[in-house]
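Structure file target37.cif; described as mmCIF, C-alpha atoms.
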data_upload
#
loop_
_atom_site.label_atom_id
_atom_site.label_comp_id
_atom_site.auth_asym_id
_atom_site.auth_seq_id
_atom_site.Cartn_x
_atom_site.Cartn_y
_atom_site.Cartn_z
CA MET A 24 21.94 10.44 34.52
CA ARG A 25 21.12 12.79 31.64
CA THR A 26 23.26 13.15 28.54
CA GLU A 27 23.51 16.18 26.26
CA ASN A 28 21.06 17.37 23.58
CA THR A 29 19.16 14.49 21.95
CA GLY A 30 17.73 16.55 19.04
CA ASN A 31 14.63 14.98 17.51
CA LEU A 32 15.31 11.63 19.15
CA LEU A 33 12.94 10.85 22.03
CA LEU A 34 13.68 7.21 22.85
CA LEU A 35 16.65 4.98 22.09
CA VAL A 36 16.65 1.27 22.90
CA ASP A 37 19.89 -0.55 22.20
CA ASN A 38 20.91 -4.19 22.69
CA LEU A 39 18.15 -4.74 25.27
CA SER A 40 17.87 -8.27 26.66
CA VAL A 41 15.43 -9.51 29.32
CA CYS A 42 15.88 -12.86 31.10
CA PHE A 43 13.55 -14.92 33.29
CA SER A 44 14.93 -17.53 35.67
CA SER A 45 13.10 -20.71 36.57
CA SER A 46 13.79 -24.18 37.94
CA ARG A 47 14.37 -25.31 34.34
CA GLY A 48 16.98 -22.66 33.66
CA THR A 49 17.11 -19.15 32.23
CA VAL A 50 14.97 -18.04 29.30
CA GLN A 51 15.63 -14.93 27.23
CA ALA A 52 12.29 -13.22 26.62
CA LEU A 53 14.02 -10.39 24.75
CA LYS A 54 17.33 -10.71 22.96
CA GLU A 55 19.36 -7.72 21.78
CA VAL A 56 16.37 -5.57 20.84
CA GLY A 57 17.16 -2.16 19.40
CA PHE A 58 15.21 0.71 17.84
CA SER A 59 14.75 4.48 18.05
CA LEU A 60 11.67 6.71 18.24
CA SER A 61 11.45 10.31 17.07
CA ARG A 62 9.38 13.00 18.74
CA GLY A 63 5.79 13.13 17.56
CA SER A 64 5.93 9.80 15.70
CA ILE A 65 3.96 6.57 16.09
CA LEU A 66 5.70 3.18 16.20
CA ALA A 67 3.76 -0.09 16.03
CA LEU A 68 5.19 -3.22 17.66
CA LEU A 69 3.73 -6.01 15.52
CA GLY A 70 3.85 -9.73 16.26
CA GLU A 71 1.91 -12.70 17.54
CA SER A 72 1.18 -13.37 21.21
CA GLY A 73 4.36 -14.33 23.04
CA SER A 74 6.69 -12.48 20.67
CA GLY A 75 7.92 -10.16 23.44
CA LYS A 76 5.97 -6.98 22.67
CA SER A 77 4.52 -6.43 26.15
CA THR A 78 7.78 -7.49 27.79
CA LEU A 79 9.57 -4.81 25.77
CA ALA A 80 7.03 -2.19 26.89
CA ARG A 81 7.41 -3.21 30.53
CA ALA A 82 11.19 -3.10 30.22
CA ILE A 83 11.00 0.46 28.91
CA LEU A 84 8.75 1.40 31.85
CA GLY A 85 10.97 -0.33 34.41
CA LEU A 86 8.25 -2.87 35.27
CA ILE A 87 10.26 -6.09 34.93
CA ASN A 88 9.93 -7.83 38.29
CA PRO A 89 11.60 -11.01 39.63
CA PRO A 90 12.13 -13.68 38.45
CA GLY A 91 12.68 -11.45 35.42
CA LYS A 92 15.56 -9.00 35.03
CA ILE A 93 17.16 -6.85 32.38
CA CYS A 94 20.38 -8.67 31.46
CA SER A 95 21.92 -6.02 29.24
CA GLY A 96 21.21 -3.02 27.10
CA LEU A 97 20.36 0.67 27.10
CA VAL A 98 17.03 2.49 27.35
CA ASN A 99 17.60 6.21 26.86
CA PHE A 100 14.66 8.64 27.16
CA GLU A 101 15.50 12.28 26.39
CA GLY A 102 19.05 11.69 27.50
CA ILE A 103 17.99 9.89 30.70
CA ASP A 104 19.24 6.34 31.25
CA LEU A 105 15.98 4.73 32.42
CA LEU A 106 17.72 1.55 33.60
CA GLN A 107 19.55 3.56 36.28
CA LEU A 108 16.50 5.27 37.83
CA SER A 109 15.51 4.67 41.44
CA SER A 110 11.94 3.76 42.46
CA ARG A 111 11.34 7.35 43.56
CA GLU A 112 12.55 8.75 40.24
CA TRP A 113 10.31 6.28 38.37
CA ARG A 114 7.24 7.43 40.32
CA VAL A 115 7.88 10.97 39.10
CA LEU A 116 8.44 9.91 35.50
CA ARG A 117 5.62 7.37 35.02
CA GLY A 118 2.30 8.93 34.18
CA LYS A 119 3.69 12.41 33.53
CA GLU A 120 6.51 11.86 31.04
CA ILE A 121 5.69 8.28 29.98
CA SER A 122 2.14 6.91 30.19
CA MET A 123 0.71 3.49 29.41
CA VAL A 124 -2.69 2.20 28.35
CA PHE A 125 -3.02 -1.44 29.36
CA GLN A 126 -4.78 -4.15 27.40
CA ASP A 127 -7.76 -4.61 29.73
CA PRO A 128 -8.90 -1.29 31.27
CA LEU A 129 -11.28 -3.03 33.69
CA THR A 130 -8.35 -4.61 35.56
CA SER A 131 -6.54 -1.24 35.63
CA PHE A 132 -9.31 0.49 37.59
CA ASP A 133 -10.14 -0.01 41.26
CA PRO A 134 -13.73 -1.35 41.31
CA LEU A 135 -14.42 0.37 44.67
CA TRP A 136 -13.63 3.88 43.44
CA THR A 137 -15.55 5.97 40.93
CA ILE A 138 -13.99 6.96 37.63
CA GLY A 139 -13.76 10.54 38.86
CA ASP A 140 -11.97 9.63 42.11
CA GLN A 141 -9.34 7.67 40.21
CA PHE A 142 -8.95 10.27 37.44
CA LEU A 143 -8.47 13.09 39.95
CA GLU A 144 -6.07 11.08 42.09
CA PHE A 145 -3.93 10.35 39.02
CA ILE A 146 -3.76 14.03 38.05
CA ARG A 147 -3.04 15.30 41.57
CA ALA A 148 -0.35 12.69 42.13
CA HIS A 149 1.75 14.51 39.54
CA GLU A 150 0.38 18.06 39.58
CA LYS A 151 -0.12 19.92 42.87
CA ILE A 152 -3.38 21.60 41.86
CA PRO A 153 -6.76 22.05 43.62
CA VAL A 154 -9.44 19.37 43.22
CA ARG A 155 -11.67 21.73 41.25
CA GLN A 156 -8.94 22.44 38.71
CA ALA A 157 -8.12 18.73 38.41
CA ARG A 158 -11.78 18.01 37.75
CA ARG A 159 -11.80 20.59 34.94
CA VAL A 160 -8.79 18.88 33.38
CA ALA A 161 -10.50 15.49 33.64
CA VAL A 162 -13.72 16.76 32.06
CA GLU A 163 -11.83 18.46 29.23
CA MET A 164 -9.81 15.33 28.44
CA MET A 165 -12.92 13.13 28.46
CA HIS A 166 -14.60 15.52 26.02
CA ARG A 167 -11.52 15.37 23.78
CA ALA A 168 -11.75 11.57 23.92
CA ARG A 169 -15.34 11.86 22.63
CA LEU A 170 -16.94 10.79 25.89
CA PRO A 171 -20.39 12.42 26.25
CA GLU A 172 -21.71 13.77 29.55
CA ALA A 173 -18.29 13.65 31.17
CA GLU A 174 -19.54 15.05 34.49
CA LYS A 175 -21.96 12.17 34.85
CA LEU A 176 -19.40 9.57 33.80
CA LEU A 177 -17.01 10.73 36.51
CA LYS A 178 -19.60 9.68 39.12
CA LEU A 179 -19.90 6.14 37.77
CA TYR A 180 -17.94 3.02 38.74
CA PRO A 181 -15.80 1.17 36.16
CA PHE A 182 -18.21 -1.77 35.83
CA GLN A 183 -20.99 0.65 34.83
CA LEU A 184 -19.18 1.59 31.61
CA SER A 185 -18.91 -0.44 28.41
CA GLY A 186 -15.56 -1.80 27.27
CA GLY A 187 -15.17 0.91 24.65
CA MET A 188 -15.97 3.69 27.12
CA ARG A 189 -13.54 2.31 29.71
CA GLN A 190 -10.84 2.26 27.05
CA ARG A 191 -11.60 5.88 26.14
CA VAL A 192 -11.41 6.89 29.80
CA MET A 193 -8.06 5.09 30.14
CA ILE A 194 -6.69 6.89 27.07
CA ALA A 195 -7.99 10.23 28.38
CA MET A 196 -6.24 9.62 31.71
CA ALA A 197 -3.01 8.57 30.02
CA MET A 198 -2.98 11.73 27.88
CA ALA A 199 -4.21 14.14 30.58
CA LEU A 200 -0.74 15.35 31.54
CA ASN A 201 0.51 15.59 27.95
CA PRO A 202 3.11 12.82 28.26
CA LYS A 203 5.95 12.83 25.79
CA LEU A 204 5.52 9.09 25.25
CA LEU A 205 2.36 6.96 25.35
CA ILE A 206 2.65 3.17 25.29
CA ALA A 207 -0.63 1.49 24.27
CA ASP A 208 -0.76 -2.28 24.83
CA GLU A 209 -3.40 -3.80 22.52
CA PRO A 210 -5.86 -0.92 23.15
CA THR A 211 -8.47 -2.29 20.72
CA THR A 212 -8.44 -5.95 21.76
CA ALA A 213 -11.92 -7.43 22.43
CA LEU A 214 -13.64 -4.41 20.88
CA ASP A 215 -15.83 -4.65 17.80
CA ALA A 216 -14.56 -3.26 14.49
CA THR A 217 -16.52 0.00 14.68
CA VAL A 218 -15.30 0.82 18.18
CA GLN A 219 -11.75 -0.19 17.18
CA ALA A 220 -11.79 2.37 14.38
CA GLU A 221 -13.09 5.07 16.74
CA ILE A 222 -10.44 4.33 19.39
CA ILE A 223 -7.67 4.46 16.78
CA GLU A 224 -8.95 7.75 15.41
CA GLU A 225 -9.20 9.25 18.89
CA MET A 226 -5.64 8.21 19.69
CA ARG A 227 -4.44 9.76 16.45
CA VAL A 228 -6.28 13.04 17.14
CA LEU A 229 -5.00 13.28 20.72
CA GLN A 230 -1.48 12.50 19.53
CA ARG A 231 -1.63 15.35 17.02
CA GLU A 232 -3.05 17.77 19.59
CA THR A 233 -0.52 16.99 22.30
CA GLY A 234 2.51 16.20 20.13
CA SER A 235 3.14 12.98 22.05
CA SER A 236 4.92 9.98 20.57
CA ILE A 237 3.15 6.62 20.68
CA ILE A 238 4.33 3.02 20.86
CA LEU A 239 1.38 0.85 19.84
CA ILE A 240 1.49 -2.86 20.66
CA THR A 241 -0.67 -4.99 18.37
CA HIS A 242 -0.92 -8.37 16.66
CA ASP A 243 -3.21 -6.90 13.98
CA PRO A 244 -1.52 -5.60 10.79
CA GLY A 245 -4.70 -3.62 10.01
CA VAL A 246 -4.47 -1.64 13.26
CA ALA A 247 -0.78 -0.93 12.63
CA ALA A 248 -1.57 0.30 9.11
CA GLU A 249 -4.25 2.65 10.41
CA ILE A 250 -2.09 4.63 12.80
CA ALA A 251 1.65 3.87 12.61
CA ASP A 252 4.44 5.75 10.88
CA THR A 253 6.93 2.92 11.36
CA VAL A 254 6.53 -0.77 12.20
CA LEU A 255 8.80 -3.01 14.28
CA VAL A 256 8.08 -6.71 13.68
CA MET A 257 8.97 -9.05 16.57
CA TYR A 258 9.23 -12.83 16.74
CA LYS A 259 10.37 -14.93 19.71
CA GLY A 260 11.81 -11.96 21.53
CA ARG A 261 13.79 -10.58 18.62
CA VAL A 262 13.33 -7.81 16.09
CA VAL A 263 13.10 -9.38 12.64
CA GLU A 264 12.11 -6.34 10.57
CA TRP A 265 11.90 -2.57 10.99
CA ALA A 266 10.76 -0.01 8.39
CA ASP A 267 8.17 2.64 7.62
CA VAL A 268 4.63 1.32 7.34
CA TRP A 269 4.46 1.61 3.53
CA SER A 270 7.64 -0.40 3.01
CA ILE A 271 6.51 -3.13 5.42
CA TYR A 272 3.20 -3.63 3.63
CA ASP A 273 4.42 -3.05 0.09
CA ARG A 274 7.72 -4.95 0.29
CA PRO A 275 7.90 -7.27 3.33
CA ALA A 276 11.50 -8.49 3.52
CA HIS A 277 11.25 -11.10 6.28
CA PRO A 278 9.35 -14.40 5.78
CA TYR A 279 7.60 -13.95 9.13
CA THR A 280 6.33 -10.49 8.17
CA ALA A 281 5.06 -11.91 4.90
CA PHE A 282 3.42 -14.73 6.85
CA LEU A 283 1.54 -12.28 9.10
CA LEU A 284 0.39 -10.23 6.14
CA SER A 285 -0.74 -13.31 4.23
CA ILE A 286 -2.99 -14.32 7.14
CA PHE A 287 -4.37 -10.79 7.25
CA ASN A 288 -4.95 -10.94 3.49
CA ASP A 289 -6.77 -14.29 3.83
CA ASN A 290 -9.05 -12.83 6.50
CA LEU A 291 -9.84 -9.86 4.27
CA CYS A 292 -10.76 -12.12 1.39
CA ALA A 293 -13.01 -14.10 3.73
CA GLY A 294 -14.74 -10.90 4.83
CA LYS A 295 -13.60 -11.22 8.44
CA LYS A 296 -12.17 -7.74 8.83
CA GLU A 297 -13.58 -4.24 8.39
CA ILE A 298 -10.86 -1.81 7.47
CA SER A 299 -10.42 1.69 6.09
CA ASP A 300 -9.44 2.69 2.57
CA LYS A 301 -5.86 3.28 3.73
CA THR A 302 -5.50 -0.24 5.08
CA LEU A 303 -7.07 -1.70 1.96
CA LEU A 304 -4.66 0.24 -0.24
CA LEU A 305 -1.68 -0.97 1.80
CA ASN A 306 -2.96 -4.54 1.63
CA ASN A 307 -3.43 -4.40 -2.13
CA ARG A 308 0.16 -3.20 -2.54
CA ILE A 309 1.67 -6.22 -0.77
CA GLY A 310 3.93 -7.81 -3.36
CA THR A 311 4.31 -11.36 -4.58
CA GLY A 312 6.84 -11.95 -1.78
CA LEU A 313 3.93 -13.18 0.36
CA ASN A 314 4.22 -16.63 -1.15
CA ARG A 315 7.96 -16.81 -0.67
CA GLY A 316 9.62 -18.12 2.42
CA HIS A 317 6.65 -18.51 4.73
CA ASN A 318 5.17 -21.68 6.03
CA LYS A 319 1.56 -21.90 7.16
CA GLY A 320 2.43 -24.57 9.68
CA ASN A 321 2.91 -24.21 13.40
CA THR A 322 4.38 -20.90 14.59
CA SER A 323 4.08 -21.51 18.32
CA VAL A 324 6.51 -19.69 20.54
CA ASN A 325 9.62 -21.62 21.53
CA LEU A 326 12.27 -19.48 23.23
CA ASP A 327 14.78 -22.22 23.91
CA GLY A 328 15.95 -22.69 20.34
CA GLY A 329 19.55 -22.78 19.16
CA ASP A 330 21.84 -20.02 17.94
CA GLY A 331 20.40 -19.84 14.43
CA CYS A 332 17.60 -17.78 12.92
CA VAL A 333 14.53 -17.80 15.17
CA PHE A 334 12.21 -18.39 12.20
CA CYS A 335 14.32 -20.99 10.39
CA ARG A 336 12.09 -23.95 11.28
CA HIS A 337 9.11 -22.32 9.58
CA CYS A 338 10.85 -20.91 6.50
CA ASP A 339 11.02 -22.57 3.08
CA SER A 340 14.40 -20.91 2.37
CA THR A 341 16.16 -22.40 5.40
CA ASP A 342 19.55 -24.02 4.90
CA SER A 343 22.21 -25.28 7.30
CA TYR A 344 23.63 -21.77 7.72
CA CYS A 345 20.27 -20.47 8.98
CA LEU A 346 20.17 -23.28 11.56
CA HIS A 347 23.52 -22.38 13.11
CA TYR A 348 24.00 -18.61 12.70
CA SER A 349 21.71 -15.81 13.81
CA PRO A 350 21.37 -13.21 11.03
CA PRO A 351 22.35 -9.60 11.77
CA MET A 352 20.06 -6.66 11.05
CA ILE A 353 20.89 -5.47 7.55
CA GLU A 354 19.53 -2.62 5.45
CA VAL A 355 17.85 -3.97 2.31
CA GLU A 356 16.92 -0.44 1.23
CA PRO A 357 17.24 2.98 2.87
CA GLY A 358 15.44 2.90 6.21
CA HIS A 359 14.32 -0.74 5.81
CA GLN A 360 16.14 -3.24 8.05
CA VAL A 361 15.64 -6.99 8.32
CA ALA A 362 17.28 -9.89 10.19
CA CYS A 363 17.35 -12.56 7.49
CA TRP A 364 20.08 -14.33 5.51
CA TYR A 365 17.85 -14.38 2.44
CA PRO A 366 15.55 -11.32 2.44
CA LEU A 367 12.44 -11.54 0.28
CA THR A 368 12.87 -8.06 -1.18
CA GLY A 369 15.63 -5.57 -1.79
CA ARG A 370 18.93 -5.95 -3.58
CA ASN A 371 20.93 -6.35 -0.41
CA SER A 372 21.34 -9.85 0.94
CA ALA A 373 23.20 -11.70 3.66
CA LYS A 374 24.59 -15.08 2.69
CA PRO A 375 27.67 -17.22 3.42
CA VAL A 376 30.86 -16.37 1.53
CA GLY A 377 33.35 -18.24 3.69
CA GLU A 378 33.95 -19.65 7.11
CA GLY A 379 32.93 -17.16 9.77
CA LYS A 380 32.07 -14.46 7.23
CA VAL A 381 28.99 -13.30 5.39
CA SER A 382 28.28 -10.82 2.63
CA VAL A 383 25.86 -8.02 3.57
CA GLY A 384 24.70 -5.96 0.62
CA GLY A 385 27.92 -6.65 -1.21
CA HIS A 386 30.11 -5.81 1.79
CA ARG A 387 32.00 -8.44 3.72
CA ILE A 388 31.80 -8.49 7.51
CA THR A 389 33.16 -10.79 10.23
#
Is it possible to express this structure as structure tokens?
Amino acid sequence: MRTENTGNLLLLVDNLSVCFSSSRGTVQALKEVGFSLSRGSILALLGESGSGKSTLARAILGLINPPGKICSGLVNFEGIDLLQLSSREWRVLRGKEISMVFQDPLTSFDPLWTIGDQFLEFIRAHEKIPVRQARRVAVEMMHRARLPEAEKLLKLYPFQLSGGMRQRVMIAMAMALNPKLLIADEPTTALDATVQAEIIEEMRVLQRETGSSIILITHDPGVAAEIADTVLVMYKGRVVEWADVWSIYDRPAHPYTAFLLSIFNDNLCAGKKEISDKTLLLNNRIGTGLNRGHNKGNTSVNLDGGDGCVFCRHCDSTDSYCLHYSPPMIEVEPGHQVACWYPLTGRNSAKPVGEGKVSVGGHRIT
């Protein structure tokens, strides 16, 4: 089902929840996740392993399989309700309109087929064009992804390429049909710092050339700073903060965001990370809020907590209200939203003012 004109809005996710059933009961891997993505923009999903980033990407792509299921919510892509598509409609959409780069490219390729066979099959599955024309498209995209001697590479098998080259080939394939949305799941994991920087730059260049939007999944604040326009911070299956990249790094409002950035800052001071001037500038602008409200203790994932704030057991500002009531997303400044009763920055706050009511930025809600 397609709705009317969506303007500059490409993707809208609203109140999305994903559940997994097991012998021990039902676990919510995602709970009431919501965000929007504009055409031509880059959104980074930032959070530790197990925070729900990849589950969110798979939900958008319709890849949640049993025992998992989408419990509620809306995923609207260009006016199309993706949750209502049939398997046949998904086969048409995936790869052409929405593409994905998976975390480990080696497991995404068939080891018995050459790179060229798989690249050409992908193109011709969506475009009814001759093999020769598909090969020209593949060679052109590999050149644009800075892969030398593309004709020779097409004759090789996946195991004959380095990790960085396989990742470049995967990105070239994903962008070959000029998708409107590219989802990249940890595309620089297990690559050295130099190759990471090259992959990020290539993704940025291809995005500018094709006009595609990108959702980048990462646990690395440095990678998010390099490429993203906006950042969505996730923890235990929930969105805890959402803002443009400058606001996130300059004025983190959620204790968990500050915690992530403080670890990144510690690694920088220890010389464990090579970053660009932009990332360094963003890091230097992180305010004194880093030392407020975060706890350097255990942050292991535990999805079966109570109804309160998901980060309350690791936050120095926790009180009884945080333990029993989940905070709503509030706007602490224009375009900067956070789910916290006591935000670290911004004039707006959410705190108890009476039974069943809270004050959000000076306004009372029920």
So which residues get picked by the PyMOL selection byres ((chain A and resi 100) around 9) here, written as a ChimeraX atom specification? /A:25,32-36,98-99,101-105
Could you save those same residues with C-alpha atoms as a compact mmCIF listing (two decimals), in the coordinates of the input?
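Heads up, here's the output in part_24.txt:
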# COMPACT_ATOMS: atom_id res chain seq x y z
CA ARG A 25 21.12 12.79 31.64
CA LEU A 32 15.31 11.63 19.15
CA LEU A 33 12.94 10.85 22.03
CA LEU A 34 13.68 7.21 22.85
CA LEU A 35 16.65 4.98 22.09
CA VAL A 36 16.65 1.27 22.90
CA VAL A 98 17.03 2.49 27.35
CA ASN A 99 17.60 6.21 26.86
CA GLU A 101 15.50 12.28 26.39
CA GLY A 102 19.05 11.69 27.50
CA ILE A 103 17.99 9.89 30.70
CA ASP A 104 19.24 6.34 31.25
CA LEU A 105 15.98 4.73 32.42
Mind pulling up the distance from CA of Lys76 in chain A to CA of Cys363 in chain A?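 Pair CA of Cys363 in chain A / CA of Lys76 in chain A returns 19.8 Å.
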What's the 9 Å shell around range 71-74 of chain A, counting all atoms listed in the file, without same-chain residues fewer than 2 positions away, as a PDB file with C-alpha atoms, in the frame of the given file?
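The resulting file, around04.pdb, is shown below:
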ATOM      1  CA  ALA A  52      12.290 -13.220  26.620  1.00  0.00           C
ATOM      2  CA  LEU A  53      14.020 -10.390  24.750  1.00  0.00           C
ATOM      3  CA  LEU A  69       3.730  -6.010  15.520  1.00  0.00           C
ATOM      4  CA  LYS A  76       5.970  -6.980  22.670  1.00  0.00           C
ATOM      5  CA  SER A  77       4.520  -6.430  26.150  1.00  0.00           C
ATOM      6  CA  THR A  78       7.780  -7.490  27.790  1.00  0.00           C
ATOM      7  CA  THR A 241      -0.670  -4.990  18.370  1.00  0.00           C
ATOM      8  CA  HIS A 242      -0.920  -8.370  16.660  1.00  0.00           C
ATOM      9  CA  ASP A 243      -3.210  -6.900  13.980  1.00  0.00           C
ATOM     10  CA  MET A 257       8.970  -9.050  16.570  1.00  0.00           C
ATOM     11  CA  TYR A 258       9.230 -12.830  16.740  1.00  0.00           C
ATOM     12  CA  LYS A 259      10.370 -14.930  19.710  1.00  0.00           C
ATOM     13  CA  GLY A 260      11.810 -11.960  21.530  1.00  0.00           C
ATOM     14  CA  ARG A 261      13.790 -10.580  18.620  1.00  0.00           C
ATOM     15  CA  LEU A 283       1.540 -12.280   9.100  1.00  0.00           C
ATOM     16  CA  SER A 323       4.080 -21.510  18.320  1.00  0.00           C
ATOM     17  CA  VAL A 324       6.510 -19.690  20.540  1.00  0.00           C
TER      18      VAL A 324
END
Please provide as a PDB file with C-alpha atoms, in the coordinates of the input all residues within 10 Å of range 153-162 of chain A, with the sequence filter that same-chain residues fewer than 2 positions apart are discarded (counting all atoms listed in the file).
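The resulting selection_36.pdb:
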ATOM      1  CA  GLY A 139     -13.760  10.540  38.860  1.00  0.00           C
ATOM      2  CA  ASP A 140     -11.970   9.630  42.110  1.00  0.00           C
ATOM      3  CA  PHE A 142      -8.950  10.270  37.440  1.00  0.00           C
ATOM      4  CA  LEU A 143      -8.470  13.090  39.950  1.00  0.00           C
ATOM      5  CA  GLU A 144      -6.070  11.080  42.090  1.00  0.00           C
ATOM      6  CA  PHE A 145      -3.930  10.350  39.020  1.00  0.00           C
ATOM      7  CA  ILE A 146      -3.760  14.030  38.050  1.00  0.00           C
ATOM      8  CA  ARG A 147      -3.040  15.300  41.570  1.00  0.00           C
ATOM      9  CA  GLU A 150       0.380  18.060  39.580  1.00  0.00           C
ATOM     10  CA  LYS A 151      -0.120  19.920  42.870  1.00  0.00           C
ATOM     11  CA  MET A 164      -9.810  15.330  28.440  1.00  0.00           C
ATOM     12  CA  MET A 165     -12.920  13.130  28.460  1.00  0.00           C
ATOM     13  CA  HIS A 166     -14.600  15.520  26.020  1.00  0.00           C
ATOM     14  CA  ARG A 167     -11.520  15.370  23.780  1.00  0.00           C
ATOM     15  CA  ALA A 168     -11.750  11.570  23.920  1.00  0.00           C
ATOM     16  CA  LEU A 170     -16.940  10.790  25.890  1.00  0.00           C
ATOM     17  CA  PRO A 171     -20.390  12.420  26.250  1.00  0.00           C
ATOM     18  CA  GLU A 172     -21.710  13.770  29.550  1.00  0.00           C
ATOM     19  CA  ALA A 173     -18.290  13.650  31.170  1.00  0.00           C
ATOM     20  CA  GLU A 174     -19.540  15.050  34.490  1.00  0.00           C
ATOM     21  CA  LYS A 175     -21.960  12.170  34.850  1.00  0.00           C
ATOM     22  CA  LEU A 176     -19.400   9.570  33.800  1.00  0.00           C
ATOM     23  CA  LEU A 177     -17.010  10.730  36.510  1.00  0.00           C
ATOM     24  CA  VAL A 192     -11.410   6.890  29.800  1.00  0.00           C
ATOM     25  CA  ALA A 195      -7.990  10.230  28.380  1.00  0.00           C
ATOM     26  CA  MET A 196      -6.240   9.620  31.710  1.00  0.00           C
ATOM     27  CA  ALA A 199      -4.210  14.140  30.580  1.00  0.00           C
ATOM     28  CA  LEU A 200      -0.740  15.350  31.540  1.00  0.00           C
TER      29      LEU A 200
END
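Across the chains present, the PyMOL selection byres ((chain A and resi 265) around 10) applied to this file returns Gly57, Phe58, Leu66, Ala67, Leu68, Leu69, Thr253, Val254, Leu255, Val256, Met257, Val262, Val263, Glu264, Ala266, Asp267, Val268, Ser270, Ile271, Pro275, Ala276, His277, Met352, Glu354, Gly358, His359, Gln360, Val361 and Ala362 of chain A.
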Resolved residues for the PyMOL selection byres ((chain A and resi 89-96) around 12) as number ranges by chain: A: 35-46, 48-58, 78-79, 81-88, 97-99, 104-107
May I have the residues within 12 Å of Arg191 in chain A as an mmCIF file with C-alpha atoms, in the coordinates of the input, using all atoms listed in the file and disregarding those fewer than 6 positions away in the same chain?
data_model
loop_
_atom_site.group_PDB
_atom_site.id
_atom_site.type_symbol
_atom_site.label_atom_id
_atom_site.label_comp_id
_atom_site.auth_asym_id
_atom_site.auth_seq_id
_atom_site.Cartn_x
_atom_site.Cartn_y
_atom_site.Cartn_z
ATOM 1 C CA VAL A 124 -2.690 2.200 28.350
ATOM 2 C CA PHE A 125 -3.020 -1.440 29.360
ATOM 3 C CA ASP A 127 -7.760 -4.610 29.730
ATOM 4 C CA PRO A 128 -8.900 -1.290 31.270
ATOM 5 C CA LEU A 129 -11.280 -3.030 33.690
ATOM 6 C CA ILE A 138 -13.990 6.960 37.630
ATOM 7 C CA MET A 164 -9.810 15.330 28.440
ATOM 8 C CA MET A 165 -12.920 13.130 28.460
ATOM 9 C CA HIS A 166 -14.600 15.520 26.020
ATOM 10 C CA ARG A 167 -11.520 15.370 23.780
ATOM 11 C CA ALA A 168 -11.750 11.570 23.920
ATOM 12 C CA ARG A 169 -15.340 11.860 22.630
ATOM 13 C CA LEU A 170 -16.940 10.790 25.890
ATOM 14 C CA PRO A 171 -20.390 12.420 26.250
ATOM 15 C CA ALA A 173 -18.290 13.650 31.170
ATOM 16 C CA LEU A 176 -19.400 9.570 33.800
ATOM 17 C CA PRO A 181 -15.800 1.170 36.160
ATOM 18 C CA LEU A 184 -19.180 1.590 31.610
ATOM 19 C CA SER A 185 -18.910 -0.440 28.410
ATOM 20 C CA ALA A 197 -3.010 8.570 30.020
ATOM 21 C CA MET A 198 -2.980 11.730 27.880
ATOM 22 C CA ALA A 199 -4.210 14.140 30.580
ATOM 23 C CA ALA A 207 -0.630 1.490 24.270
ATOM 24 C CA PRO A 210 -5.860 -0.920 23.150
ATOM 25 C CA THR A 211 -8.470 -2.290 20.720
ATOM 26 C CA LEU A 214 -13.640 -4.410 20.880
ATOM 27 C CA VAL A 218 -15.300 0.820 18.180
ATOM 28 C CA GLN A 219 -11.750 -0.190 17.180
ATOM 29 C CA GLU A 221 -13.090 5.070 16.740
ATOM 30 C CA ILE A 222 -10.440 4.330 19.390
ATOM 31 C CA ILE A 223 -7.670 4.460 16.780
ATOM 32 C CA GLU A 224 -8.950 7.750 15.410
ATOM 33 C CA GLU A 225 -9.200 9.250 18.890
ATOM 34 C CA MET A 226 -5.640 8.210 19.690
ATOM 35 C CA LEU A 229 -5.000 13.280 20.720
#
Determine, counting all atoms listed in the file, which protein, DNA and RNA residues have an atom within 12 Å of an atom of Arg62 in chain A; residues of the same chain fewer than 3 positions away are not included. Present the result as a ChimeraX atom specification. /A:29-35,59,65-66,100-101,202-205,230-231,233-238,252
Take the residues from that selection and write them out as a tab-separated table (two decimals), in the coordinates of the input, keeping C-alpha atoms.
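Saved file again-v1.tsv follows:
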chain	number	residue	atom	x	y	z
A	29	THR	CA	19.16	14.49	21.95
A	30	GLY	CA	17.73	16.55	19.04
A	31	ASN	CA	14.63	14.98	17.51
A	32	LEU	CA	15.31	11.63	19.15
A	33	LEU	CA	12.94	10.85	22.03
A	34	LEU	CA	13.68	7.21	22.85
A	35	LEU	CA	16.65	4.98	22.09
A	59	SER	CA	14.75	4.48	18.05
A	65	ILE	CA	3.96	6.57	16.09
A	66	LEU	CA	5.70	3.18	16.20
A	100	PHE	CA	14.66	8.64	27.16
A	101	GLU	CA	15.50	12.28	26.39
A	202	PRO	CA	3.11	12.82	28.26
A	203	LYS	CA	5.95	12.83	25.79
A	204	LEU	CA	5.52	9.09	25.25
A	205	LEU	CA	2.36	6.96	25.35
A	230	GLN	CA	-1.48	12.50	19.53
A	231	ARG	CA	-1.63	15.35	17.02
A	233	THR	CA	-0.52	16.99	22.30
A	234	GLY	CA	2.51	16.20	20.13
A	235	SER	CA	3.14	12.98	22.05
A	236	SER	CA	4.92	9.98	20.57
A	237	ILE	CA	3.15	6.62	20.68
A	238	ILE	CA	4.33	3.02	20.86
A	252	ASP	CA	4.44	5.75	10.88
Distance in Å - CA of Lys119 in chain A versus CA of Ser64 in chain A: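 Interatomic distance here is 18.2 Å.
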Could you get me a file of range 186-194 of chain A with C-alpha atoms, as a short mmCIF file (atom, residue, chain, number, x, y, z; two decimals), in the first residue's frame, taken from the block above?
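And here is the file that came out, selection-v4.cif:
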data_model
loop_
_atom_site.label_atom_id
_atom_site.label_comp_id
_atom_site.auth_asym_id
_atom_site.auth_seq_id
_atom_site.Cartn_x
_atom_site.Cartn_y
_atom_site.Cartn_z
CA GLY A 186 39.05 -8.27 3.81
CA GLY A 187 39.19 -4.65 2.70
CA MET A 188 38.80 -5.56 -0.98
CA ARG A 189 35.85 -7.87 -0.25
CA GLN A 190 34.19 -5.05 1.64
CA ARG A 191 34.73 -2.69 -1.30
CA VAL A 192 33.25 -5.24 -3.69
CA MET A 193 30.23 -5.65 -1.40
CA ILE A 194 29.71 -1.87 -1.28
#
